[in-house]
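This is upload-v1.txt (compact mmCIF, C-alpha atoms and all ligand atoms).
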# COMPACT_ATOMS: atom_id res chain seq x y z
CA MET M 1 44.28 44.64 52.96
CA THR M 2 46.79 42.39 54.71
CA GLY M 3 49.86 43.68 52.91
CA LEU M 4 50.62 40.12 51.70
CA PRO M 5 53.31 40.16 48.99
CA ASP M 6 52.92 39.78 45.28
CA PRO M 7 54.76 36.51 44.48
CA GLN M 8 56.09 38.04 41.25
CA ASP M 9 58.09 40.61 43.21
CA VAL M 10 61.79 39.93 42.61
CA HIS M 11 62.86 41.33 46.00
CA LEU M 12 61.19 38.58 48.00
CA THR M 13 64.36 37.36 49.63
CA LEU M 14 62.43 35.26 52.18
CA MET M 15 60.03 33.71 49.66
CA GLY M 16 59.21 30.14 50.62
CA ARG M 17 60.58 30.54 54.17
CA ARG M 18 58.30 29.82 57.13
CA VAL M 19 58.95 31.97 60.16
CA LEU M 20 57.15 31.20 63.40
CA LEU M 21 57.21 34.50 65.27
CA GLY M 22 56.99 34.31 69.06
CA ILE M 23 56.07 37.47 70.96
CA THR M 24 56.41 37.93 74.72
CA GLY M 25 55.34 40.57 77.26
CA SER M 26 57.83 43.36 76.68
CA ILE M 27 57.14 46.98 75.86
CA ALA M 28 59.10 46.24 72.65
CA ALA M 29 56.18 44.04 71.52
CA TYR M 30 54.89 47.02 69.53
CA LYS M 31 57.96 46.57 67.29
CA SER M 32 56.78 43.02 66.49
CA ALA M 33 54.11 44.48 64.24
CA PHE M 34 56.83 46.17 62.16
CA LEU M 35 58.91 43.01 62.26
CA ALA M 36 55.97 40.84 61.14
CA ARG M 37 55.24 43.27 58.31
CA GLU M 38 58.92 43.36 57.26
CA LEU M 39 59.13 39.53 57.15
CA VAL M 40 55.92 39.30 55.12
CA LYS M 41 57.11 42.09 52.81
CA ARG M 42 60.26 40.06 52.11
CA GLY M 43 58.12 37.05 51.16
CA ALA M 44 58.15 34.91 54.33
CA GLU M 45 55.08 33.03 55.46
CA VAL M 46 54.60 34.05 59.08
CA ARG M 47 52.57 32.53 61.90
CA VAL M 48 52.48 34.11 65.33
CA VAL M 49 52.49 32.63 68.84
CA MET M 50 52.12 35.05 71.77
CA THR M 51 52.43 34.61 75.49
CA PRO M 52 49.24 35.60 77.36
CA SER M 53 51.20 38.54 78.79
CA ALA M 54 52.16 39.76 75.26
CA THR M 55 48.49 40.12 74.30
CA GLY M 56 48.29 42.98 76.82
CA PHE M 57 51.00 44.86 74.91
CA ILE M 58 49.79 44.34 71.31
CA THR M 59 46.56 42.80 70.08
CA PRO M 60 46.50 39.43 68.30
CA LEU M 61 44.12 41.05 65.80
CA THR M 62 46.83 43.49 64.64
CA LEU M 63 49.30 40.66 64.07
CA ALA M 64 46.77 38.29 62.49
CA THR M 65 45.88 41.04 60.01
CA LEU M 66 49.52 41.77 59.19
CA VAL M 67 50.56 38.15 58.62
CA GLY M 68 47.30 36.85 57.16
CA ASN M 69 47.20 33.89 59.57
CA PRO M 70 45.43 33.29 62.89
CA VAL M 71 47.46 34.11 65.99
CA HIS M 72 47.83 31.56 68.80
CA SER M 73 48.22 32.45 72.46
CA ASP M 74 46.41 29.72 74.32
CA PHE M 75 46.35 25.92 74.36
CA THR M 76 42.58 25.92 74.02
CA GLU M 77 40.92 27.69 71.11
CA SER M 78 37.40 27.14 72.38
CA ILE M 79 36.55 25.68 75.75
CA GLU M 80 33.03 24.78 74.58
CA SER M 81 34.16 22.78 71.55
CA GLY M 82 37.30 21.41 73.18
CA ALA M 83 39.39 22.59 70.19
CA TRP M 84 43.04 23.15 71.08
CA THR M 85 46.11 24.60 69.42
CA ASN M 86 48.47 21.87 68.37
CA HIS M 87 51.85 23.14 69.60
CA VAL M 88 53.66 20.16 68.07
CA GLU M 89 52.25 20.97 64.65
CA LEU M 90 53.28 24.63 65.09
CA GLY M 91 56.75 23.55 66.23
CA LEU M 92 57.16 21.41 63.12
CA TRP M 93 55.71 24.00 60.74
CA GLY M 94 58.42 26.67 60.99
CA ASP M 95 61.82 26.78 59.29
CA LEU M 96 62.82 29.18 62.06
CA PHE M 97 61.25 29.98 65.45
CA LEU M 98 62.04 33.63 66.12
CA VAL M 99 61.09 35.01 69.54
CA ALA M 100 61.15 38.82 69.34
CA PRO M 101 60.92 40.40 71.79
CA CYS M 102 62.00 37.80 74.32
CA THR M 103 61.50 38.77 77.98
CA ALA M 104 63.80 37.88 80.87
CA GLN M 105 61.07 35.57 82.13
CA THR M 106 60.71 33.67 78.85
CA LEU M 107 64.51 33.34 78.57
CA SER M 108 64.48 31.84 82.04
CA PHE M 109 61.70 29.37 81.21
CA PHE M 110 63.47 28.37 77.97
CA ALA M 111 66.68 27.73 79.90
CA GLN M 112 64.84 25.62 82.50
CA GLY M 113 62.74 23.76 79.96
CA ALA M 114 59.59 24.80 81.81
CA CYS M 115 56.25 24.67 80.04
CA THR M 116 53.74 27.09 81.50
CA ASN M 117 52.19 28.45 78.28
CA LEU M 118 51.71 27.63 74.59
CA LEU M 119 54.87 29.49 73.49
CA HIS M 120 56.98 27.40 75.88
CA ALA M 121 55.39 24.21 74.54
CA VAL M 122 56.14 25.28 70.97
CA PHE M 123 59.76 26.01 71.98
CA LEU M 124 60.16 22.58 73.56
CA SER M 125 58.61 20.75 70.62
CA SER M 126 60.13 22.74 67.73
CA ARG M 127 62.58 20.90 65.51
CA CYS M 128 63.68 23.98 63.60
CA PRO M 129 66.42 26.37 64.78
CA VAL M 130 65.39 28.99 67.36
CA ALA M 131 66.51 32.63 67.58
CA VAL M 132 65.68 35.04 70.39
CA ALA M 133 65.87 38.85 70.46
CA PRO M 134 66.04 39.81 74.15
CA ALA M 135 64.39 43.06 75.21
CA MET M 136 64.51 44.34 78.77
CA ASP M 137 65.74 46.97 81.10
CA LEU M 138 69.49 47.49 81.50
CA ASP M 139 69.72 45.93 84.99
CA MET M 140 67.54 42.98 84.04
CA PHE M 141 69.80 42.32 81.06
CA THR M 142 73.08 42.57 82.97
CA ASN M 143 71.73 40.54 85.91
CA ALA M 144 73.83 37.42 86.41
CA ALA M 145 70.74 35.18 86.15
CA THR M 146 69.78 36.58 82.74
CA GLN M 147 73.36 36.37 81.49
CA GLU M 148 73.60 32.78 82.72
CA ASN M 149 70.34 31.90 80.93
CA LEU M 150 71.58 33.47 77.69
CA LYS M 151 74.85 31.53 77.98
CA THR M 152 72.96 28.27 78.55
CA LEU M 153 70.69 28.87 75.58
CA SER M 154 73.57 29.91 73.34
CA GLU M 155 75.46 26.73 74.28
CA ARG M 156 72.39 24.74 73.27
CA GLY M 157 72.49 26.28 69.80
CA ILE M 158 69.86 28.99 70.26
CA LYS M 159 70.82 32.08 68.25
CA ILE M 160 70.90 35.27 70.29
CA ILE M 161 70.14 38.54 68.49
CA GLU M 162 72.00 40.90 70.81
CA PRO M 163 70.02 43.88 72.11
CA THR M 164 71.40 47.33 71.40
CA SER M 165 72.24 50.24 73.71
CA GLY M 166 70.17 53.38 74.00
CA ALA M 167 67.30 55.03 75.84
CA LEU M 168 65.09 52.38 77.49
CA ALA M 169 61.38 52.56 78.34
CA SER M 170 62.33 52.70 82.04
CA GLY M 171 64.12 56.01 81.47
CA LEU M 172 67.52 54.34 81.91
CA ASP M 173 70.14 54.39 79.21
CA GLY M 174 72.09 51.24 78.32
CA LYS M 175 72.01 47.78 76.74
CA GLY M 176 68.66 45.99 76.59
CA ARG M 177 66.78 47.56 73.71
CA MET M 178 65.48 45.02 71.19
CA GLU M 179 67.25 45.25 67.85
CA GLU M 180 65.33 47.16 65.14
CA PRO M 181 62.85 45.14 63.00
CA GLU M 182 64.79 45.69 59.74
CA VAL M 183 68.01 44.45 61.37
CA ILE M 184 66.21 41.37 62.76
CA ALA M 185 64.76 40.71 59.28
CA ASP M 186 68.31 41.00 57.86
CA PHE M 187 69.43 38.49 60.48
CA VAL M 188 66.66 36.11 59.36
CA GLU M 189 67.76 36.47 55.74
CA ALA M 190 71.42 35.83 56.62
CA PHE M 191 70.36 32.88 58.77
CA PHE M 192 68.58 31.23 55.85
CA LEU M 193 71.50 31.87 53.54
CA SER M 194 74.12 30.36 55.82
CA ASN M 195 72.25 27.67 57.73
CA MET M 196 70.67 25.70 54.95
CA PRO M 197 71.80 22.12 54.31
CA LEU M 198 73.20 22.90 50.86
CA SER M 199 74.91 26.18 51.81
CA GLY M 200 78.26 26.48 50.09
CA LYS M 201 77.39 23.86 47.43
CA ARG M 202 77.49 24.91 43.79
CA VAL M 203 75.12 23.15 41.42
CA VAL M 204 74.53 23.58 37.70
CA VAL M 205 71.06 22.73 36.38
CA THR M 206 70.17 22.60 32.70
CA ALA M 207 66.55 23.04 31.73
CA GLY M 208 64.17 23.47 28.81
CA PRO M 209 64.47 22.60 25.12
CA THR M 210 67.03 23.64 22.53
CA GLU M 211 66.29 25.09 19.10
CA GLU M 212 68.41 24.07 16.12
CA PRO M 213 68.06 26.52 13.24
CA ILE M 214 67.00 25.40 9.76
CA ASP M 215 67.07 28.99 8.57
CA SER M 216 66.77 32.36 10.30
CA VAL M 217 63.13 31.73 11.36
CA ARG M 218 62.62 27.94 11.40
CA TYR M 219 64.12 25.46 13.82
CA LEU M 220 64.07 21.88 15.03
CA GLY M 221 62.87 21.81 18.61
CA ASN M 222 61.02 19.73 21.17
CA ARG M 223 58.13 20.07 23.60
CA SER M 224 60.10 20.59 26.83
CA THR M 225 58.70 23.49 28.89
CA GLY M 226 61.54 23.74 31.43
CA LYS M 227 59.15 23.27 34.39
CA MET M 228 60.96 20.26 35.86
CA GLY M 229 64.42 21.85 35.63
CA PHE M 230 63.21 25.13 37.10
CA ALA M 231 61.50 23.29 39.99
CA LEU M 232 64.79 21.48 40.72
CA ALA M 233 66.78 24.72 40.56
CA SER M 234 64.28 26.40 42.87
CA ARG M 235 64.43 23.62 45.46
CA LEU M 236 68.24 23.60 45.41
CA ALA M 237 68.34 27.38 45.92
CA ASP M 238 65.80 27.15 48.76
CA LEU M 239 68.13 24.70 50.49
CA GLY M 240 70.99 27.19 50.21
CA ALA M 241 72.85 25.92 47.12
CA SER M 242 74.40 28.41 44.74
CA VAL M 243 72.64 27.49 41.51
CA THR M 244 73.69 28.21 37.95
CA LEU M 245 70.61 27.63 35.82
CA ILE M 246 71.30 27.14 32.12
CA SER M 247 68.08 27.32 30.22
CA GLY M 248 66.94 26.84 26.66
CA PRO M 249 64.11 29.07 25.37
CA VAL M 250 61.29 28.85 27.95
CA ASN M 251 58.56 31.10 29.22
CA ILE M 252 59.23 30.85 32.98
CA LYS M 253 60.43 33.45 35.46
CA THR M 254 63.72 32.80 37.24
CA PRO M 255 62.98 31.33 40.69
CA GLN M 256 64.00 33.22 43.83
CA ARG M 257 67.61 33.02 44.99
CA ILE M 258 69.06 31.57 41.77
CA ALA M 259 72.67 32.77 41.72
CA GLU M 260 73.03 32.90 37.95
CA ARG M 261 70.82 32.21 34.94
CA ILE M 262 72.34 31.71 31.50
CA ASP M 263 69.95 31.63 28.54
CA VAL M 264 70.97 29.59 25.55
CA CYS M 265 69.30 28.53 22.34
CA THR M 266 71.12 25.68 20.61
CA ALA M 267 72.62 22.38 21.79
CA GLN M 268 76.07 23.79 21.05
CA GLU M 269 75.39 26.83 23.27
CA MET M 270 74.03 24.55 26.00
CA TYR M 271 77.20 22.44 25.74
CA ASP M 272 79.57 25.42 25.79
CA ALA M 273 77.85 27.15 28.74
CA THR M 274 77.57 23.96 30.82
CA ILE M 275 81.03 22.58 30.18
CA SER M 276 82.64 25.94 31.01
CA VAL M 277 81.10 26.02 34.52
CA TRP M 278 81.08 22.26 35.27
CA PRO M 279 84.65 21.99 36.71
CA SER M 280 83.78 24.48 39.49
CA MET M 281 80.54 22.71 40.49
CA ASP M 282 79.84 20.21 43.27
CA ALA M 283 76.92 18.73 41.37
CA GLY M 284 75.11 18.86 38.07
CA ILE M 285 71.56 18.05 37.03
CA ALA M 286 71.05 17.70 33.31
CA CYS M 287 67.32 18.10 32.88
CA ALA M 288 67.33 19.96 29.56
CA ALA M 289 65.88 18.22 26.51
CA VAL M 290 68.88 18.83 24.27
CA ALA M 291 68.56 18.12 20.55
CA ASP M 292 70.68 15.17 19.43
CA MET M 293 70.72 16.33 15.80
CA ARG M 294 70.96 19.66 14.02
CA PRO M 295 70.76 20.80 10.37
CA VAL M 296 74.23 20.83 8.86
CA ASN M 297 74.04 24.12 6.98
CA PRO M 298 71.35 26.40 8.38
CA ALA M 299 70.50 29.29 6.04
CA ASP M 300 71.20 32.73 7.48
CA LYS M 301 67.99 34.16 6.01
CA LYS M 302 64.44 32.86 5.61
CA LEU M 303 64.14 30.28 2.86
CA HIS M 304 61.09 30.84 0.67
CA ARG M 305 58.81 27.99 -0.29
CA GLY M 306 60.39 27.56 -3.72
CA ASP M 307 63.92 27.52 -2.25
CA LEU M 308 63.24 24.89 0.41
CA PRO M 309 65.39 21.75 0.01
CA ASP M 310 63.68 18.38 -0.44
CA SER M 311 65.48 17.07 2.61
CA ILE M 312 67.57 18.52 5.42
CA LEU M 313 70.94 17.02 6.16
CA LEU M 314 71.45 16.49 9.91
CA GLU M 315 74.54 15.99 12.06
CA ASN M 316 75.04 15.01 15.69
CA THR M 317 75.19 17.74 18.30
CA PRO M 318 77.81 17.59 21.08
CA ASP M 319 76.62 15.46 24.03
CA THR M 320 76.71 17.71 27.12
CA LEU M 321 75.85 14.98 29.64
CA LEU M 322 78.38 12.52 28.19
CA GLU M 323 81.12 15.15 28.53
CA MET M 324 80.06 16.03 32.09
CA GLY M 325 80.24 12.34 33.03
CA ARG M 326 83.57 11.86 31.25
CA THR M 327 85.20 14.75 33.13
CA LYS M 328 83.41 14.19 36.47
CA SER M 329 85.76 14.25 39.47
CA SER M 330 85.37 11.78 42.34
CA SER M 331 83.71 14.45 44.51
CA GLN M 332 81.20 15.63 41.90
CA VAL M 333 77.66 14.26 41.76
CA LEU M 334 75.84 13.96 38.45
CA MET M 335 72.15 13.37 37.79
CA GLY M 336 70.81 12.95 34.27
CA PHE M 337 67.30 12.59 32.88
CA ALA M 338 66.04 10.04 30.42
CA LEU M 339 62.72 10.57 28.70
CA GLU M 340 61.48 7.29 27.27
CA THR M 341 58.55 6.30 25.11
CA ASP M 342 59.01 2.52 24.91
CA SER M 343 57.53 -0.22 27.08
CA ALA M 344 58.44 -0.11 30.79
CA GLU M 345 61.00 -2.89 30.37
CA GLU M 346 62.68 -1.34 27.32
CA SER M 347 62.68 2.12 28.94
CA LEU M 348 64.36 0.78 32.04
CA LYS M 349 67.02 -1.00 29.99
CA SER M 350 67.76 2.16 28.03
CA ALA M 351 67.93 4.32 31.20
CA GLU M 352 70.24 1.82 32.89
CA SER M 353 72.54 1.86 29.89
CA LYS M 354 72.61 5.69 30.04
CA LEU M 355 73.58 5.50 33.73
CA THR M 356 76.72 3.49 33.04
CA ARG M 357 77.57 4.80 29.55
CA LYS M 358 77.52 8.43 30.74
CA ASN M 359 79.11 7.76 34.16
CA LEU M 360 76.14 9.18 36.11
CA ASP M 361 75.32 8.81 39.80
CA PHE M 362 71.59 9.00 39.11
CA VAL M 363 69.38 8.73 36.09
CA VAL M 364 65.82 9.97 36.39
CA MET M 365 63.59 8.12 34.00
CA ASN M 366 60.17 9.27 32.97
CA THR M 367 58.13 7.76 30.24
CA LEU M 368 55.46 9.36 28.12
CA ALA M 369 53.61 6.05 28.48
CA ASP M 370 52.69 7.19 32.03
CA LYS M 371 49.71 9.54 32.15
CA GLY M 372 50.66 12.97 33.54
CA ALA M 373 54.42 12.41 33.07
CA GLY M 374 56.94 14.23 30.89
CA PHE M 375 56.41 17.44 28.89
CA ASN M 376 53.60 19.91 29.17
CA HIS M 377 52.30 18.73 32.55
CA ASP M 378 52.60 20.18 36.02
CA THR M 379 53.01 16.61 37.23
CA ASN M 380 55.60 13.93 36.66
CA LYS M 381 56.11 10.28 37.49
CA VAL M 382 59.71 9.21 37.78
CA THR M 383 61.80 6.15 38.45
CA VAL M 384 65.31 6.86 39.70
CA LEU M 385 68.22 4.54 39.05
CA GLN M 386 71.28 5.04 41.22
CA SER M 387 74.65 3.61 40.58
CA VAL M 388 75.91 2.08 43.85
CA GLY M 389 79.26 0.36 43.36
CA ALA M 390 78.78 -2.45 40.89
CA HIS M 391 74.99 -2.56 41.12
CA THR M 392 72.01 -0.31 40.38
CA GLU M 393 69.38 0.71 42.90
CA LYS M 394 65.90 1.46 41.64
CA ARG M 395 63.30 3.74 43.28
CA ILE M 396 59.84 4.12 41.81
CA PHE M 397 57.92 7.28 42.74
CA GLU M 398 54.19 7.96 42.44
CA LEU M 399 52.70 10.59 40.12
CA LYS M 400 53.35 13.92 41.88
CA THR M 401 53.54 17.63 41.11
CA LYS M 402 56.88 18.64 39.57
CA ARG M 403 57.56 20.63 42.76
CA GLU M 404 57.13 17.47 44.87
CA VAL M 405 59.23 15.45 42.43
CA ALA M 406 61.94 18.12 42.81
CA TYR M 407 61.82 17.63 46.60
CA ASP M 408 62.32 13.86 46.20
CA LEU M 409 65.13 14.20 43.67
CA ILE M 410 67.04 16.84 45.61
CA GLU M 411 66.74 14.75 48.76
CA LEU M 412 68.36 11.86 46.86
CA LEU M 413 71.08 14.06 45.34
CA SER M 414 71.81 15.52 48.80
CA THR M 415 72.63 12.07 50.18
CA LEU M 416 75.81 12.16 48.09
CA LEU M 417 76.41 15.90 48.39
CA ILE M 418 76.28 16.70 52.11
C1 LIG M 501 54.90 48.09 81.00
C2 LIG M 501 55.71 46.84 81.16
C3 LIG M 501 56.81 46.64 80.37
C4 LIG M 501 57.58 45.49 80.50
N1 LIG M 501 58.66 45.34 79.69
C5 LIG M 501 59.44 44.26 79.84
C6 LIG M 501 60.57 44.07 79.02
O1 LIG M 501 60.88 44.87 78.13
N2 LIG M 501 61.31 42.97 79.21
C7 LIG M 501 61.02 42.04 80.16
O2 LIG M 501 61.78 41.07 80.29
N3 LIG M 501 59.94 42.17 80.94
C8 LIG M 501 59.14 43.25 80.82
N4 LIG M 501 58.04 43.39 81.60
C9 LIG M 501 57.72 42.32 82.56
C10 LIG M 501 57.03 41.16 81.84
O3 LIG M 501 55.86 41.64 81.20
C11 LIG M 501 56.68 40.07 82.84
O4 LIG M 501 57.87 39.47 83.32
C12 LIG M 501 55.80 39.00 82.22
O5 LIG M 501 55.47 38.07 83.20
C13 LIG M 501 56.49 38.34 81.04
O6 LIG M 501 55.72 37.25 80.60
P1 LIG M 501 56.09 36.46 79.30
O7 LIG M 501 57.56 36.28 79.26
O8 LIG M 501 55.38 35.15 79.46
O9 LIG M 501 55.55 37.22 78.15
C14 LIG M 501 57.24 44.53 81.48
C15 LIG M 501 56.13 44.73 82.27
C16 LIG M 501 55.35 45.89 82.14
C17 LIG M 501 54.17 46.06 83.02

Starting from the file, lay out its structure as structure tokens.
Amino acid sequence: MTGLPDPQDVHLTLMGRRVLLGITGSIAAYKSAFLARELVKRGAEVRVVMTPSATGFITPLTLATLVGNPVHSDFTESIESGAWTNHVELGLWGDLFLVAPCTAQTLSFFAQGACTNLLHAVFLSSRCPVAVAPAMDLDMFTNAATQENLKTLSERGIKIIEPTSGALASGLDGKGRMEEPEVIADFVEAFFLSNMPLSGKRVVVTAGPTEEPIDSVRYLGNRSTGKMGFALASRLADLGASVTLISGPVNIKTPQRIAERIDVCTAQEMYDATISVWPSMDAGIACAAVADMRPVNPADKKLHRGDLPDSILLENTPDTLLEMGRTKSSSQVLMGFALETDSAEESLKSAESKLTRKNLDFVVMNTLADKGAGFNHDTNKVTVLQSVGAHTEKRIFELKTKREVAYDLIELLSTLLI
């Protein structure tokens, strides 16, 4: 048993976050086990780097078992084979490098930029933000050298999780005790909420199909599963955006951190829900496969075989994307989808016309002519057209998983949003 979380758990506030946990040689290192467990319990993926000194306080085996990943404390994994721990790879892996506890000595090395062990090398090569939770005796903490080091690190953007006051291992009473694991985990959560590139941005995403009733049991629908829209919503939320997800009838769980999910059924409901929130949004992604036509007079009870009409009269549904584009302000960014079935040339022409006709910033075209693209697949192959001044820029992407496609599309959207 590693205590690894069940991904279906709705309380996984750190799901999808990668925390590189650094542990140094303080008596508070025993608390790192609780911290590691707390981070994992909240859904984070955790890898651990320890200083050689820390391994005397708590065993790497305990931490490796708790986080379900090998623990690194040395540059060389095996002297015989020559295998070594790639500190650069570790430094790039994390979304946050959290050193807890952080000794006076490690603070000093960080401030100097010295590199005498693997943890220092990871610190120097990490590209992600770094947070430290100092832990030491009262006099060590108040010492001018330690305070100067903390000031230097803080000025360089390192987050300091202030120690608390209380009884210390030395028998003294005062400031220097590492903050409690739950409080540090809360700090990590708050960090991810406020330090992500799309923090403070509000985005509406529509997803899934619509169902247009013929009678109380039959409807006109389409084969959209909602997977692409949900992947986009999930990526946006992971980057800190406040996402309103408006979904037609689908069989998918709401991704982590989605601010609001509104379930709708018909094109009219999709239109009403989207248009009511659109003015307060910074961006919109219209990924839903909304019906263009609906039966004019749906029966309010089930029609029996003998009562069925020979033909069903259809009327146009309101065009949600057209209305979003028509009312788009100069600061709003709008991305629409175009599913095509024609030849590549025809599809492109039709998508380009949608880009200008609906006043979009981006149109994401996928064609059912491409294997693995469109409905009912976990993959998609898209071409993105972007309106840049008077001309259109075209980007062709390879066949990828819908999650990877979401990464690409949100990266593009972010260029106009940040
Ligand atoms: C029992 C014991 C407890 C210690 N606790 C702390 C501590 O809480 N904070 C600290 O800065 N140093 C503490 N030290 C001293 C560090 O272990 C020592 O400076 C070590 O070299 C730190 O190495 P590191 O920063 O590379 O892990 C302690 C030493 C011992 C023997």

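Near Val243 (chain M), within 6 Å and counting all atoms listed in the file, sit M:Arg202, M:Val203, M:Val204, M:Ile258, M:Ala259, not including residues fewer than 6 positions from it in the same chain.
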
Original post:
What do you get as a PyMOL selection string if you pick all residues at most 9 Å from ligand LIG 501 (chain M), counting all atoms listed in the file?
Top reply: chain M and resi 23-29+50-57+101-109+116-117+119-120+134-137+140-141+168-170+176-178

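Distance annotation: of M:Thr210, M:Thr76, M:Thr356, M:Ser329, the residue with the minimal separation from Ala288 (chain M) is M:Thr210; atom set is all atoms listed in the file.
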
Subject >> Point (68.1, 26.3, 9.6) neighbourhood (12 Å, only C-alpha atoms) written as a ChimeraX atom specification >> reply: /M:211-221,266,294-303,308-309,311-314

Subject >> Long-range neighbours of Ile285 (chain M) as a list in words, 6 Å cut-off, only C-alpha atoms, 3 positions minimum in chain >> reply: Val205, Met335 and Gly336 of chain M

**OP:** Would you mind reading off the distance between CA of Glu155 (chain M) and CA of Leu20 (chain M), one decimal, in Å?
**Re:** 21.8 Å

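Across M:Leu413, M:Ala64, M:Leu322, M:Val382, the tightest approach to Phe362 (chain M) is made by M:Leu413 when counting only C-alpha atoms.
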
Subject >> Length of the CA of Cys128 (chain M) to CA of Leu92 (chain M) vector [Å] >> reply: 7.0 Å

**OP:** Give the answer as one residue: which of M:Leu124, M:Leu98, M:Leu14, M:Met365 has the shortest atom-to-atom distance to Ile161 (chain M), using all atoms listed in the file?
**Re:** M:Leu98

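Separating CA of Met15 (chain M) from CA of Val40 (chain M) is a distance of 8.8 Å.
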
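Each of M:Leu409, M:Asn195, M:Asp272, M:Glu180 was checked against Cys287 (chain M) using all atoms listed in the file; the smallest atom-to-atom distance is that of M:Leu409.
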
Any chance you could turn region 52-65 of chain M into a file with N, CA, C and O atoms, as a compact mmCIF listing (two decimals), in the first residue's frame?
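To be explicit, this is the file written out as out-v7.txt:
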# COMPACT_ATOMS: atom_id res chain seq x y z
N PRO M 52 22.33 14.34 1.68
CA PRO M 52 22.87 13.15 2.36
C PRO M 52 22.60 13.23 3.86
O PRO M 52 22.26 12.22 4.50
N SER M 53 22.70 14.42 4.44
CA SER M 53 22.47 14.58 5.87
C SER M 53 21.02 14.22 6.24
O SER M 53 20.77 13.61 7.29
N ALA M 54 20.05 14.55 5.38
CA ALA M 54 18.64 14.27 5.69
C ALA M 54 18.37 12.78 5.81
O ALA M 54 17.48 12.36 6.56
N THR M 55 19.15 11.96 5.09
CA THR M 55 18.89 10.51 5.11
C THR M 55 19.22 9.90 6.48
O THR M 55 18.83 8.79 6.78
N GLY M 56 19.95 10.68 7.32
CA GLY M 56 20.21 10.23 8.68
C GLY M 56 19.03 10.52 9.60
O GLY M 56 18.94 9.97 10.71
N PHE M 57 18.13 11.39 9.16
CA PHE M 57 16.98 11.77 9.99
C PHE M 57 15.73 10.95 9.63
O PHE M 57 14.91 10.66 10.48
N ILE M 58 15.56 10.65 8.34
CA ILE M 58 14.39 9.87 7.90
C ILE M 58 14.84 9.03 6.70
O ILE M 58 15.63 9.52 5.86
N THR M 59 14.36 7.80 6.62
CA THR M 59 14.92 6.94 5.56
C THR M 59 14.27 7.24 4.20
O THR M 59 13.05 7.49 4.12
N PRO M 60 15.06 7.16 3.14
CA PRO M 60 14.52 7.31 1.79
C PRO M 60 13.42 6.28 1.51
O PRO M 60 12.45 6.57 0.81
N LEU M 61 13.55 5.10 2.13
CA LEU M 61 12.56 4.04 1.90
C LEU M 61 11.16 4.48 2.36
O LEU M 61 10.16 4.26 1.67
N THR M 62 11.10 5.15 3.52
CA THR M 62 9.81 5.64 4.03
C THR M 62 9.18 6.58 3.01
O THR M 62 8.01 6.46 2.64
N LEU M 63 9.98 7.52 2.51
CA LEU M 63 9.44 8.53 1.58
C LEU M 63 9.11 7.92 0.23
O LEU M 63 8.07 8.24 -0.36
N ALA M 64 9.97 7.02 -0.26
CA ALA M 64 9.70 6.38 -1.55
C ALA M 64 8.39 5.62 -1.48
O ALA M 64 7.59 5.62 -2.43
N THR M 65 8.13 4.99 -0.35
CA THR M 65 6.89 4.22 -0.19
C THR M 65 5.68 5.16 -0.15
O THR M 65 4.66 4.89 -0.78
